[in-house]
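The structure under discussion appears below in the form of structure tokens.
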Amino acid sequence: MWDSLVGQRHVIDSLSNAVNGHGMTQSWLFVGPPGSGRSNAAIAFAAALQCSQGGCGVCHECHTVLAGSHADVKVVRTEKLTLGVDDVRELVRTAALSPVGARWQILIVEDADRLTEQANNALLKAIEEPGARTVWMLCAPTVEDVLPTIRSRCRLVTLATPATEDVARFLVASQGVEPALASYAARASQGHIGRAKALARDAATRNRRSEVVALPGRLTSLGACMRAAQQLTEVTKEEADAVTSELDAREKADLDAAYGVVERGRRPREYAPALAAMERDQKRRATRRHRDVIDRGLMDLVSVYRDAIALASGAPGQLVNEEIRTDVVALVESSTPELNLRRIGWIFEAREQLMEFNVPPALALESMMVALGSTS
């Protein structure tokens, strides 16, 4: 049941105690860095609460919760930039119903940090006065990402970034990955479980990452910086499109089937507005996906400068980018730890521009690359 929670023994113990009646409450807030498994923790906890044996992992209740088909466990996630009030109101209506089974009605909000102001207001009332058999589980990167009025009514569960060794063992044991590849994926993912799986399984993902971490060594002129920004934009767009294009096509096929649309055939009058609404949602999802992939690429860049600082200061342990140690050594020789620390700061400024202020990716990345190419 708890196997998907890598390196989170303290969380497993706490949730297991709650399942057994020690410290159980009806509102929970799961926080942790991206890839730490906060949504996995919420879903595993939901399965344990629905299981008569406290999370055996093999019964019908456990299987249906983990598969996303349990009648009394509702999971809401968004591929858009925000989670709106209509989605939350639907959850609140569900929360008011009695569970179909004998145990709990469980509502899981995976992207609580993306709730709009109206959505937060709608959620607050439901969390303040939950039904007798209703459990709310919210997931967010940090406590600060959730309104104080909401987080004060929730029991906090904090997940940590898993250690590299824990991630590597998980990949070998559960994914059948070769130890050498598992070690690389664990280091390169920097503790992000989903990213580690992708790096271990997909050569194209590994190749795209290799292109990104090679960029710091190429920032030798203004032209090189502009080309690097363009390359990062294109590489991340390619990765984002690889995920969204297949999903877009599947949604289009489902919509056509629902309205009885065939190629070059007649289309019902209601089809056009439904198609337009779907395309708007797909565009928003593509925008978010691209920004998420850019954000991941920026963290890969941070890892290179972090390695350079670690190497220059003689810090123990392996580099995140051990495979390009020669490039990291060259970076150490051509810069100082103080400059590389400032470079990390410039990358985080670009992340903030992209994620918080909605600056166009090309503009934010060009500005960042020019800053990274400076020698002072």
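Labels used: A, B, ... for chains in the order of the structure tokens, numbers from 1 for residues in each chain, and numbers from 1 for ligands as shown.
Contact shell of Thr78 of chain A at 10 Å (only C-alpha atoms; same-chain neighbours under 6 positions omitted): Gly84, Asp87, Val109, Glu110, Asp111, Ala112, Arg114, Leu115, Arg285 and Arg288 of chain A.
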Excluding Lys252 of chain A and its own-chain neighbours fewer than 6 positions away, which residues fall within 9 Å of it when counting only C-alpha atoms? Please give them as a short mmCIF file (atom, residue, chain, number, x, y, z; two decimals) with C-alpha atoms, in the first residue's frame.
data_model
loop_
_atom_site.label_atom_id
_atom_site.label_comp_id
_atom_site.auth_asym_id
_atom_site.auth_seq_id
_atom_site.Cartn_x
_atom_site.Cartn_y
_atom_site.Cartn_z
CA LEU A 275 -15.34 21.62 -29.74
CA MET A 278 -12.46 21.67 -25.52
CA GLU A 279 -9.86 23.44 -27.64
#
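Between Ile127 of chain A and the candidates A:Leu29, A:Ala48, A:Leu363, A:Leu5, the tightest atom-to-atom separation, counting only C-alpha atoms, involves A:Leu29.
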Show which residues sit within 9 Å of Ala364 of chain A, as a VMD selection string. Count only C-alpha atoms, and ignore same-chain residues fewer than 6 positions away.
-> chain A and resid 229 350 to 351 353 to 354
Looking only at strand (DSSP E) from DSSP on the backbone, list the matching residues of segment 33-128 of chain A as an mmCIF file with N, CA and C atoms, in the first residue's frame.
data_model
loop_
_atom_site.group_PDB
_atom_site.id
_atom_site.type_symbol
_atom_site.label_atom_id
_atom_site.label_comp_id
_atom_site.auth_asym_id
_atom_site.auth_seq_id
_atom_site.Cartn_x
_atom_site.Cartn_y
_atom_site.Cartn_z
ATOM 1 N N VAL A 73 -14.189 7.814 -3.352
ATOM 2 C CA VAL A 73 -12.942 8.586 -3.373
ATOM 3 C C VAL A 73 -12.903 9.394 -4.661
ATOM 4 N N LYS A 74 -12.946 10.699 -4.522
ATOM 5 C CA LYS A 74 -12.941 11.606 -5.669
ATOM 6 C C LYS A 74 -11.626 12.373 -5.687
ATOM 7 N N VAL A 75 -10.902 12.297 -6.797
ATOM 8 C CA VAL A 75 -9.629 13.003 -6.951
ATOM 9 C C VAL A 75 -9.793 14.091 -8.006
ATOM 10 N N VAL A 76 -9.441 15.323 -7.658
ATOM 11 C CA VAL A 76 -9.511 16.435 -8.599
ATOM 12 C C VAL A 76 -8.100 16.943 -8.859
ATOM 13 N N GLN A 105 -16.453 9.213 2.819
ATOM 14 C CA GLN A 105 -16.499 9.959 1.560
ATOM 15 C C GLN A 105 -15.232 10.814 1.535
ATOM 16 N N ILE A 106 -14.313 10.547 0.592
ATOM 17 C CA ILE A 106 -12.996 11.192 0.598
ATOM 18 C C ILE A 106 -12.833 12.044 -0.655
ATOM 19 N N LEU A 107 -12.457 13.309 -0.454
ATOM 20 C CA LEU A 107 -12.243 14.262 -1.542
ATOM 21 C C LEU A 107 -10.780 14.690 -1.526
ATOM 22 N N ILE A 108 -10.070 14.439 -2.633
ATOM 23 C CA ILE A 108 -8.647 14.765 -2.737
ATOM 24 C C ILE A 108 -8.464 15.857 -3.783
ATOM 25 N N VAL A 109 -7.865 16.984 -3.387
ATOM 26 C CA VAL A 109 -7.566 18.090 -4.308
ATOM 27 C C VAL A 109 -6.056 18.119 -4.502
#
Spatial neighbours of Ala200 of chain A, max dist 7 Å, only C-alpha atoms, sep filter under 3 positions, as a list in words | Val177, Leu181, Ala182, Ala185, Ala196 and Lys197 of chain A
Output the selection as a short mmCIF file (atom, residue, chain, number, x, y, z; two decimals), in the first residue's frame - all heavy atoms for each residue.
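And here's again-v8.cif as it stands now:
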data_model
loop_
_atom_site.label_atom_id
_atom_site.label_comp_id
_atom_site.auth_asym_id
_atom_site.auth_seq_id
_atom_site.Cartn_x
_atom_site.Cartn_y
_atom_site.Cartn_z
N VAL A 177 14.72 -1.47 -13.26
CA VAL A 177 15.75 -0.70 -13.94
C VAL A 177 17.13 -1.22 -13.55
O VAL A 177 17.36 -1.60 -12.39
CB VAL A 177 15.62 0.80 -13.58
CG1 VAL A 177 16.70 1.63 -14.25
CG2 VAL A 177 14.22 1.31 -13.95
N LEU A 181 21.72 2.64 -14.46
CA LEU A 181 20.75 3.58 -14.99
C LEU A 181 19.89 4.15 -13.86
O LEU A 181 19.55 5.35 -13.86
CB LEU A 181 19.86 2.90 -16.04
CG LEU A 181 18.78 3.76 -16.69
CD1 LEU A 181 19.37 5.02 -17.32
CD2 LEU A 181 18.01 2.94 -17.73
N ALA A 182 19.56 3.32 -12.89
CA ALA A 182 18.77 3.78 -11.74
C ALA A 182 19.54 4.84 -10.95
O ALA A 182 18.96 5.83 -10.50
CB ALA A 182 18.41 2.60 -10.84
N ALA A 185 19.39 8.09 -12.99
CA ALA A 185 18.05 8.70 -12.96
C ALA A 185 17.76 9.30 -11.60
O ALA A 185 17.15 10.37 -11.49
CB ALA A 185 17.01 7.66 -13.34
N ALA A 196 12.32 10.72 -12.20
CA ALA A 196 13.26 9.59 -12.18
C ALA A 196 12.73 8.44 -13.02
O ALA A 196 13.48 7.80 -13.78
CB ALA A 196 13.50 9.13 -10.74
N LYS A 197 11.44 8.15 -12.93
CA LYS A 197 10.84 7.09 -13.75
C LYS A 197 10.98 7.41 -15.24
O LYS A 197 11.33 6.54 -16.04
CB LYS A 197 9.36 6.92 -13.40
CG LYS A 197 9.08 6.30 -12.03
CD LYS A 197 7.59 6.20 -11.82
CE LYS A 197 7.23 5.62 -10.47
NZ LYS A 197 5.75 5.57 -10.26
#
